[in-house]
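Step one of this worksheet: look at the structure below.
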Amino acid sequence: MAILEVNNVKKVYTTRFGGNQVQALSDVTFSVEKGEYVAIMGESGSGKTTLLNILAALDKATAGQVLLNGKNLSAIRERELSAFRRQNLGFVFQDFNLLDTFSLQDNIFLPLVLAGKGYNEMRTRLMPIAGKLGINEILGKYPYEVSGGQKQRAAVARALITNPQIILADEPTGALDSKAAESLLSMFQGINQEGQTILMVTHSIKAASCAKRVLFIKDGQVFHQIYKGSSSDEEMYQKISDTLTVITTGGGKHE
């Protein structure tokens with residue numbers, strides 16, 4: 001069953017000076033099944049960040065529609081959007097987006113505090129997640145007291161604690177060293193195996209090779225996709241690398 005449906009999405013920006021129009025997305029159509037782990041790749045300027053912002057209900061498509069569990073995101077009223085995002089979406093960002101004045105635990109609790117949950121419920125939700133992510137011992141520390149990998153684990157915990165329909169990850173390994181990145185990707189695979197749907201935008205072939213499917217965006221539309229199937233991470237890495245070579249050398253659109 002498709003949890004996310006993206007139908008003929010277009011996005012046109014009008015520049016502030018001169019009124020020139022820039023088409024960031026020309027015609028994007030794809031769906032994500034419940035429990036899938038999908039990576040989106042493409043060159044800088046291909047439209048993948050614009051697409052992620054639309055999927056996150058942070059921006060609206062010029063045309064087309066995005067459905068999350070059958071609900072049209074563009075039909076949600078502006079004043080209800082924050083609650084909708086909090087209840088349905090989990091976010092993991094490249095720069096962690098943690099508040100330095102809050103402990104890691106309070107950062108993780110934040111979406112539940114905003115949703116009006118009580119401390120006991122928040123603590124009950126946190127404990128199994130913190131155990132799984134290996135951050136039990138550092139919950140009382142502040143972001144500036146821990147490593148980048150530990151910050152990102154806290155950010156993942158914050159994304160998971162609301163039991164989201166889908167996790168949207170934007171370059172989640174971008175600010176991590178290779179060891180922390182590998183640990184995070186292994187964590188994502190484990191979370192996905194437990195049924196969590198993940199959609200990740202990344203430049204990293206290594207990160208994308210851990211996903212079950214990779215969508216390639218070029219010139220504002222889906223250019224090609226690869227299913228992992230029974231391929232190993234290493235075999236997937238090679239397939240992705242070959243496809244990116246075709247894209248960057250101007251090869252024709254794959255079907």
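Labels used: A, B, ... for chains in the order of the structure tokens, numbers from 1 for residues in each chain, and numbers from 1 for ligands as shown.
Residues of segment 136-206 of chain A carrying a DSSP assignment of strand (DSSP E), computed from the backbone, are Ile166, Ile167, Leu168, Ala169, Asp170, Ile198, Leu199, Met200 and Val201 of chain A.
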Please identify the alpha helix (DSSP H) residues within segment 9-113 of chain A (assignment by DSSP from backbone atoms) and present them as a ChimeraX atom specification. /A:48-55,81-88,104-113
Would you pick out the contacts of segment 20-29 of chain A at 10 Å or less, using only C-alpha atoms, so that residues sharing its chain but fewer than 5 positions from it are not included, and give the list as a PyMOL selection string? chain A and resi 5-15+45-51+61-66+217-223
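Atom CA of Pro172 of chain A to atom CA of Phe93 of chain A spans 5.6 Å [interatomic distance, one decimal].
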As a PDB file with N, CA and C atoms, in the first residue's frame, please: the residues near Val32 of chain A (cut-off 10 Å, only C-alpha atoms, same-chain neighbours under 5 positions excluded).
ATOM      1  N   MET A   1       0.837  -1.199   0.000  1.00  0.00           N
ATOM      2  CA  MET A   1       0.000   0.000   0.000  1.00  0.00           C
ATOM      3  C   MET A   1       0.871   1.247   0.000  1.00  0.00           C
ATOM      4  N   ALA A   2       0.584   2.191  -0.893  1.00  0.00           N
ATOM      5  CA  ALA A   2       1.373   3.422  -0.972  1.00  0.00           C
ATOM      6  C   ALA A   2       1.034   4.342   0.197  1.00  0.00           C
ATOM      7  N   ILE A   3       2.061   4.711   0.957  1.00  0.00           N
ATOM      8  CA  ILE A   3       1.858   5.649   2.059  1.00  0.00           C
ATOM      9  C   ILE A   3       2.037   7.082   1.554  1.00  0.00           C
ATOM     10  N   LEU A   4       2.874   7.230   0.504  1.00  0.00           N
ATOM     11  CA  LEU A   4       3.143   8.540  -0.074  1.00  0.00           C
ATOM     12  C   LEU A   4       2.958   8.450  -1.590  1.00  0.00           C
ATOM     13  N   GLU A   5       2.161   9.363  -2.131  1.00  0.00           N
ATOM     14  CA  GLU A   5       1.959   9.421  -3.581  1.00  0.00           C
ATOM     15  C   GLU A   5       2.275  10.833  -4.072  1.00  0.00           C
ATOM     16  N   VAL A   6       3.157  10.907  -5.037  1.00  0.00           N
ATOM     17  CA  VAL A   6       3.543  12.186  -5.639  1.00  0.00           C
ATOM     18  C   VAL A   6       3.094  12.134  -7.099  1.00  0.00           C
ATOM     19  N   TYR A  37      12.359   1.975   2.096  1.00  0.00           N
ATOM     20  CA  TYR A  37      13.491   2.846   2.400  1.00  0.00           C
ATOM     21  C   TYR A  37      13.995   3.347   1.048  1.00  0.00           C
ATOM     22  N   VAL A  38      13.679   4.605   0.742  1.00  0.00           N
ATOM     23  CA  VAL A  38      13.950   5.172  -0.579  1.00  0.00           C
ATOM     24  C   VAL A  38      14.950   6.316  -0.453  1.00  0.00           C
ATOM     25  N   LEU A  68      -0.333  11.968   1.480  1.00  0.00           N
ATOM     26  CA  LEU A  68       0.231  11.157   2.554  1.00  0.00           C
ATOM     27  C   LEU A  68      -0.917  10.401   3.198  1.00  0.00           C
ATOM     28  N   ILE A 166       6.267   8.610   8.185  1.00  0.00           N
ATOM     29  CA  ILE A 166       7.464   8.545   7.340  1.00  0.00           C
ATOM     30  C   ILE A 166       8.545   9.450   7.914  1.00  0.00           C
ATOM     31  N   THR A 197       9.058   3.600   7.571  1.00  0.00           N
ATOM     32  CA  THR A 197       9.245   4.110   6.215  1.00  0.00           C
ATOM     33  C   THR A 197      10.226   5.283   6.247  1.00  0.00           C
ATOM     34  N   ILE A 198      11.211   5.258   5.348  1.00  0.00           N
ATOM     35  CA  ILE A 198      12.240   6.311   5.315  1.00  0.00           C
ATOM     36  C   ILE A 198      12.402   6.819   3.887  1.00  0.00           C
ATOM     37  N   LEU A 199      12.445   8.142   3.732  1.00  0.00           N
ATOM     38  CA  LEU A 199      12.785   8.758   2.451  1.00  0.00           C
ATOM     39  C   LEU A 199      13.943   9.712   2.704  1.00  0.00           C
ATOM     40  N   ARG A 213      15.618   1.311  -2.540  1.00  0.00           N
ATOM     41  CA  ARG A 213      15.338   1.845  -3.877  1.00  0.00           C
ATOM     42  C   ARG A 213      15.946   3.234  -3.965  1.00  0.00           C
TER      43      ARG A 213
END
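Proximity of A:Ile40, A:Ala155, A:Ile54, A:Arg86 to Leu73 of chain A, computed with only C-alpha atoms, is greatest for A:Ile54.
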Which residue is closest to Arg153 of chain A? Choose from A:Phe96, A:Ser103, A:Glu137, A:Phe109 and count only C-alpha atoms. A:Phe96
Between atom CA of Leu110 of chain A and atom CA of Ser178 of chain A, distance in Å (one decimal): 28.8 Å
Would you mind listing what lies within 12 Å of Asp177 of chain A as a ChimeraX atom specification, with only C-alpha atoms counted and same-chain residues fewer than 6 positions away left out? /A:147-150,152,183-184
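You will find atom CA of Ala207 of chain A at 13.1 Å from atom CA of Lys228 of chain A.
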Would you mind telling me which residue in A:Lys60, A:Met41, A:Gln87, A:Phe17 lies nearest to Ala211 of chain A when using only C-alpha atoms? A:Met41
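Neighbouring residues of Tyr227 of chain A at 10 Å or closer, counting only C-alpha atoms and skipping chain neighbours under 3 positions away, are A:Val38, A:Ala211, A:Lys212, A:Arg213, A:Val214, A:Leu215, A:Ser230, A:Ser231, A:Met236, A:Lys239.
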Could you please take those selected residues and save all heavy atoms as a tab-separated table (two decimals), in the first residue's frame?
chain	number	residue	atom	x	y	z
A	38	VAL	N	13.68	4.60	0.74
A	38	VAL	CA	13.95	5.17	-0.58
A	38	VAL	C	14.95	6.32	-0.45
A	38	VAL	O	14.82	7.17	0.42
A	38	VAL	CB	12.64	5.70	-1.23
A	38	VAL	CG1	12.93	6.35	-2.58
A	38	VAL	CG2	11.63	4.57	-1.38
A	211	ALA	N	19.82	2.00	0.92
A	211	ALA	CA	18.37	2.06	0.72
A	211	ALA	C	17.91	0.87	-0.12
A	211	ALA	O	18.69	0.19	-0.78
A	211	ALA	CB	17.99	3.37	0.05
A	212	LYS	N	16.60	0.64	-0.12
A	212	LYS	CA	16.02	-0.45	-0.91
A	212	LYS	C	15.71	0.00	-2.34
A	212	LYS	O	15.53	-0.84	-3.24
A	212	LYS	CB	14.73	-0.95	-0.26
A	212	LYS	CG	14.95	-1.68	1.07
A	212	LYS	CD	13.62	-2.10	1.67
A	212	LYS	CE	13.81	-2.85	2.99
A	212	LYS	NZ	12.50	-3.16	3.62
A	213	ARG	N	15.62	1.31	-2.54
A	213	ARG	CA	15.34	1.84	-3.88
A	213	ARG	C	15.95	3.23	-3.97
A	213	ARG	O	15.94	3.98	-2.99
A	213	ARG	CB	13.82	1.91	-4.11
A	213	ARG	CG	13.41	2.51	-5.45
A	213	ARG	CD	11.97	2.18	-5.85
A	213	ARG	NE	10.98	2.60	-4.91
A	213	ARG	CZ	10.05	3.53	-5.17
A	213	ARG	NH1	10.00	4.11	-6.35
A	213	ARG	NH2	9.15	3.85	-4.25
A	214	VAL	N	16.48	3.56	-5.14
A	214	VAL	CA	17.06	4.89	-5.35
A	214	VAL	C	16.37	5.54	-6.54
A	214	VAL	O	16.28	4.96	-7.62
A	214	VAL	CB	18.58	4.81	-5.61
A	214	VAL	CG1	19.15	6.22	-5.79
A	214	VAL	CG2	19.29	4.09	-4.46
A	215	LEU	N	15.87	6.76	-6.32
A	215	LEU	CA	15.29	7.57	-7.39
A	215	LEU	C	16.31	8.64	-7.79
A	215	LEU	O	16.90	9.28	-6.92
A	215	LEU	CB	14.02	8.27	-6.91
A	215	LEU	CG	12.80	7.42	-6.57
A	215	LEU	CD1	11.73	8.29	-5.95
A	215	LEU	CD2	12.27	6.73	-7.80
A	230	SER	N	17.98	-8.26	-4.18
A	230	SER	CA	18.91	-9.11	-3.43
A	230	SER	C	20.36	-8.64	-3.54
A	230	SER	O	21.28	-9.30	-3.07
A	230	SER	CB	18.81	-10.56	-3.94
A	230	SER	OG	19.11	-10.61	-5.33
A	231	SER	N	20.57	-7.47	-4.16
A	231	SER	CA	21.94	-6.94	-4.31
A	231	SER	C	22.53	-6.58	-2.95
A	231	SER	O	21.81	-6.15	-2.04
A	231	SER	CB	21.94	-5.70	-5.20
A	231	SER	OG	21.45	-5.98	-6.49
A	236	MET	N	25.00	-2.51	-5.00
A	236	MET	CA	24.13	-1.34	-5.16
A	236	MET	C	24.97	-0.08	-5.37
A	236	MET	O	24.65	0.78	-6.20
A	236	MET	CB	23.25	-1.20	-3.92
A	236	MET	CG	22.13	-0.19	-4.05
A	236	MET	SD	20.89	-0.69	-5.26
A	236	MET	CE	19.58	0.49	-4.86
A	239	LYS	N	26.00	0.09	-8.99
A	239	LYS	CA	24.87	0.43	-9.86
A	239	LYS	C	24.58	1.93	-9.79
A	239	LYS	O	24.31	2.59	-10.80
A	239	LYS	CB	23.61	-0.35	-9.45
A	239	LYS	CG	23.65	-1.83	-9.76
A	239	LYS	CD	22.35	-2.48	-9.29
A	239	LYS	CE	22.38	-3.99	-9.45
A	239	LYS	NZ	21.13	-4.61	-8.93
Close residues, Leu244 of chain A itself excluded, 9 Å, only C-alpha atoms, min 6 positions apart in chain, as a ChimeraX atom specification: /A:41-43,216
Export N, CA and C atoms of the chosen residues as a compact mmCIF listing (two decimals), in the first residue's frame?
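Heads up, here's the output in out-v4.txt:
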# COMPACT_ATOMS: atom_id res chain seq x y z
N MET A 41 18.48 10.91 -5.26
CA MET A 41 19.79 11.47 -5.62
C MET A 41 19.64 12.37 -6.85
N GLY A 42 20.65 13.20 -7.07
CA GLY A 42 20.67 14.08 -8.24
C GLY A 42 21.72 15.14 -8.04
N GLU A 43 22.14 15.74 -9.12
CA GLU A 43 23.14 16.80 -9.04
C GLU A 43 22.58 18.02 -8.32
N PHE A 216 16.51 8.81 -9.08
CA PHE A 216 17.44 9.83 -9.57
C PHE A 216 16.63 10.96 -10.20
